[in-house]
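Below is one structure, written out as structure tokens; comments come after it.
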Amino acid sequence: YEHRAGFQVHRVMNSGGKIPLGLKRKGLRIVVTGGAGFVGSHLVDRLIERGDSVIVVDNFFTGRKENVMHHFGNPRFELIRHDVVEPLLLEVDQIYHLACPASPVHYKFNPVKTIISFQFFFFFFFFQFFVTNVVGTLNMLGLAKRVGARFLLTSTSEVYGDPLQHPQVETYWGNVNPIGVRSCYDEGKRTAETLTMDYHRGAGVEVRIARIFNTYGPRMCIDDGRVVSNFVAQALRKEPLTVYGDGKQTRSFQYVSDLVEGLMRLMEGEHIGPFNLGNPGEFTMLELAKVVQETIDPDAKIEYRPNTEDDPHKRKPDITKAKDLLGWEPKVSLRKGLPLMVSDFRQRIFGDHKDNSGGA
Ligand code: NAD
Ligand code: UDP
Ligand code: UDP
């Protein structure tokens with residue numbers, strides 16, 4: 001592997017993370033699957049800024065070219081339209097594997113606006129998940145094995161299901177319904193974690209696993225039905241904020257720049273994980289609605305809607321492990337992060353002017 005760009009850097013990093021004086025850091029070649037998506041595009045910005053060469057592999061299922069357009073023309077940036085379900089041959093040092101469709105339960109299904117049936121809609125997503133998480137992850141692990149690259153999987157807090165332990169520690173195995181409406185996502189990611197550990201143990205691939213908790217920020221999909229994007233878009237459009245169920249269920253919301261910092265520390269560090277990456281600040285959906293009202297429109301109304309099946313009651317990460325081993329913790333509170341997302345949403349919804357910098 002001597003010819004690989006960055007080989008020296010691996011050795012330097014392994015010797016304590018400090019680059020000796022006089023030795024300039026050599027750029028790495030890094031693949032980011034799903035790099036045209038919300039989290040991926042922010043990660044790409046940081047890697048390019050650091051001086052690395054980045055190849056984004058994305059099939060644009062939920063990602064957008066606009067998220068990475070500002071790198072077009074940079075010789076250290078490349079965008080490949082490719083579905084990770086198909087094999088991929090590249091020579092790289094690191095693989096950040098983010099490619100994954102968002103959960104189907106998030107999407108609002110409008111039978112009037114579409115000719116496909118409800119069942120078909122869910123089956124289509126179910127199929128996308130499984131195939132992307134299982135076959136896609138397998139292919140990227142095969143690639144990592146062939147070229148000796150380090151592989152990072154972005155797993156999810158949903159592997160804990162509707163948790164019986166609170167807050168969730170990495171050693172908790174989870175409470176997942178294998179036959180529920182959201183199981184395809186939970187189980188798809190659980191299988192991806194299994195494959196990742198199998199390639200590590202069986203083929204010696206260097207792996208890292210991040211379990212990401214709810215993350216928000218600029219470039220988030222406006223219509224994917226997630227609670228932060230829904231509330232922000234609704235408040236801006238002067239529509240009522242839709243609270244599902246009694247609004248007492250909790251989530252912990254992490255700003256995207258904190259997550260990206262955590263992912264990079266995990267990749268560069270010496271620990272496999274899994275690591276919870278999330279903000280431990282816990283909010284009920286009603287409290288979140290209040291923060292959105294304070295940030296955007298104090299007169300925004302609240303409308304209650306029935307909740308989805310199997311909706312986890314509570315979710316909050318225990319991040320002791322990431323603090324101790326990666327020296328990482330989130331820095332941006334919900335009240336600080338939300339306005340940064342609001343300006344991006346305002347521009348995209350009302351088309352004020354085009355700015356792809358992400359606003360942060
Ligand atoms: P996103 O939908 O914005 O990004 C995912 C990207 O993957 C998109 O650009 C999409 O086009 C691409 N993609 C999907 N299927 C693909 C395929 N078969 N081949 C190639 N590209 C494909 O979602 P995100 O929020 O940026 O999530 C990134 C990763 O983080 C995902 O793996 C997700 O499961 C994980 N995650 C995110 C959150 C969150 O709150 N955002 C929480 C937990 C886990
Ligand atoms: N693979 C890939 N790119 C590579 C190497 C492998 O996409 O550079 C895919 C390959 O097509 C296979 C998967 O990764 O489907 C697993 O590869 P591995 O070598 O582990 O298994 P095998 O090919 O021996 O079944
Ligand atoms: N939710 C809500 N109103 C919305 C969208 C979601 O009250 O418009 C609730 C949803 O029922 C869940 C929580 O917000 O309890 C978080 O949902 P999201 O889909 O954002 O993330 P996840 O369920 O994957 O944590």
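By order of appearance in the structure tokens: chains A, B, ..., then residues from 1 within every chain, and ligands from 1 in the order shown.
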
Let me have all residues with an atom within 7 Å of ligand 1, counting only C-alpha atoms and all ligand atoms, laid out as a ChimeraX atom specification.
-> /A:33-40,57-64,82-85,98-102,132,136,154-157,211-216,220-221

Would you kindly return, as a PyMOL selection string, each protein, DNA or RNA residue with an atom no farther than 8 Å from any atom of Val134 of chain A, considering only C-alpha atoms and excluding same-chain residues fewer than 4 positions away?
-> chain A and resi 130+138+188+191-192+195

How would the residues just chosen look if you wrote them out with C-alpha atoms as a short mmCIF file (atom, residue, chain, number, x, y, z; two decimals), in the first residue's frame?
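Now in out10.cif:
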```cif
data_model
loop_
_atom_site.label_atom_id
_atom_site.label_comp_id
_atom_site.auth_asym_id
_atom_site.auth_seq_id
_atom_site.Cartn_x
_atom_site.Cartn_y
_atom_site.Cartn_z
CA PHE A 130 -32.88 -3.25 2.71
CA LEU A 138 -21.56 -5.18 1.64
CA GLY A 188 -31.48 -2.66 7.85
CA THR A 191 -27.68 -5.73 9.62
CA ALA A 192 -25.26 -3.10 8.29
CA LEU A 195 -21.77 -6.87 8.30
#
```

Which residues form the shell of 12 Å around ligand 2 when you count only C-alpha atoms and all ligand atoms, given as a VMD selection string?
-> chain A and resid 82 to 92 95 134 to 149 195 to 196 198 to 200 202 to 205

Listing only residues of chain A within 8 Å of ligand 3, what is the closest atom pair and its distance in Å (to one decimal) for each, using only C-alpha atoms and all ligand atoms, sorted by chain and residue number ascending, as CSV?
```
residue,atom,partner,partner_atom_place_in_ligand_line,distance
A:Ser103,CA,ligand 3,24 (O),7.3
A:Val105,CA,ligand 3,19 (O),7.2
A:His106,CA,ligand 3,19 (O),5.1
A:Glu158,CA,ligand 3,24 (O),7.1
A:Phe213,CA,ligand 3,25 (O),7.7
A:Asn214,CA,ligand 3,25 (O),5.9
A:Gly225,CA,ligand 3,5 (C),5.7
A:Arg226,CA,ligand 3,20 (O),3.5
A:Val227,CA,ligand 3,5 (C),3.6
A:Val228,CA,ligand 3,20 (O),6.1
A:Ser229,CA,ligand 3,20 (O),7.8
A:Asn230,CA,ligand 3,8 (O),5.1
A:Phe231,CA,ligand 3,8 (O),6.3
A:Leu241,CA,ligand 3,8 (O),6.8
A:Thr242,CA,ligand 3,8 (O),4.6
A:Val243,CA,ligand 3,7 (O),3.6
A:Tyr244,CA,ligand 3,7 (O),3.8
A:Gly245,CA,ligand 3,11 (O),6.8
A:Gly247,CA,ligand 3,7 (O),5.9
A:Gln249,CA,ligand 3,15 (O),5.6
A:Thr250,CA,ligand 3,15 (O),6.9
A:Arg251,CA,ligand 3,25 (O),6.4
A:Met285,CA,ligand 3,7 (O),5.6
A:Leu286,CA,ligand 3,7 (O),7.9
A:Arg305,CA,ligand 3,7 (O),7.8
A:Asn307,CA,ligand 3,11 (O),5.4
A:Thr308,CA,ligand 3,11 (O),6.2
A:Asp311,CA,ligand 3,15 (O),5.7
A:Pro312,CA,ligand 3,15 (O),6.5
A:His313,CA,ligand 3,15 (O),6.9
A:Arg315,CA,ligand 3,25 (O),7.6
```

Can you tell me, as a PyMOL selection string, what residues are no more than 7 Å from segment 183-186 of chain A when counting only C-alpha atoms, ignoring any on the same chain fewer than 3 positions away?
-> chain A and resi 103+126+129-130+158-159+161+177-180+189-190

Smallest atom-to-atom distance to Glu268 of chain A: which of A:Glu309, A:Asp297, A:Asp93, A:Glu170, using only C-alpha atoms?
-> A:Asp93

Mind listing the helix (DSSP H, G or I) residues of segment 257-308 of chain A, per DSSP on the backbone, as a ChimeraX atom specification?
-> /A:257-268,285-295
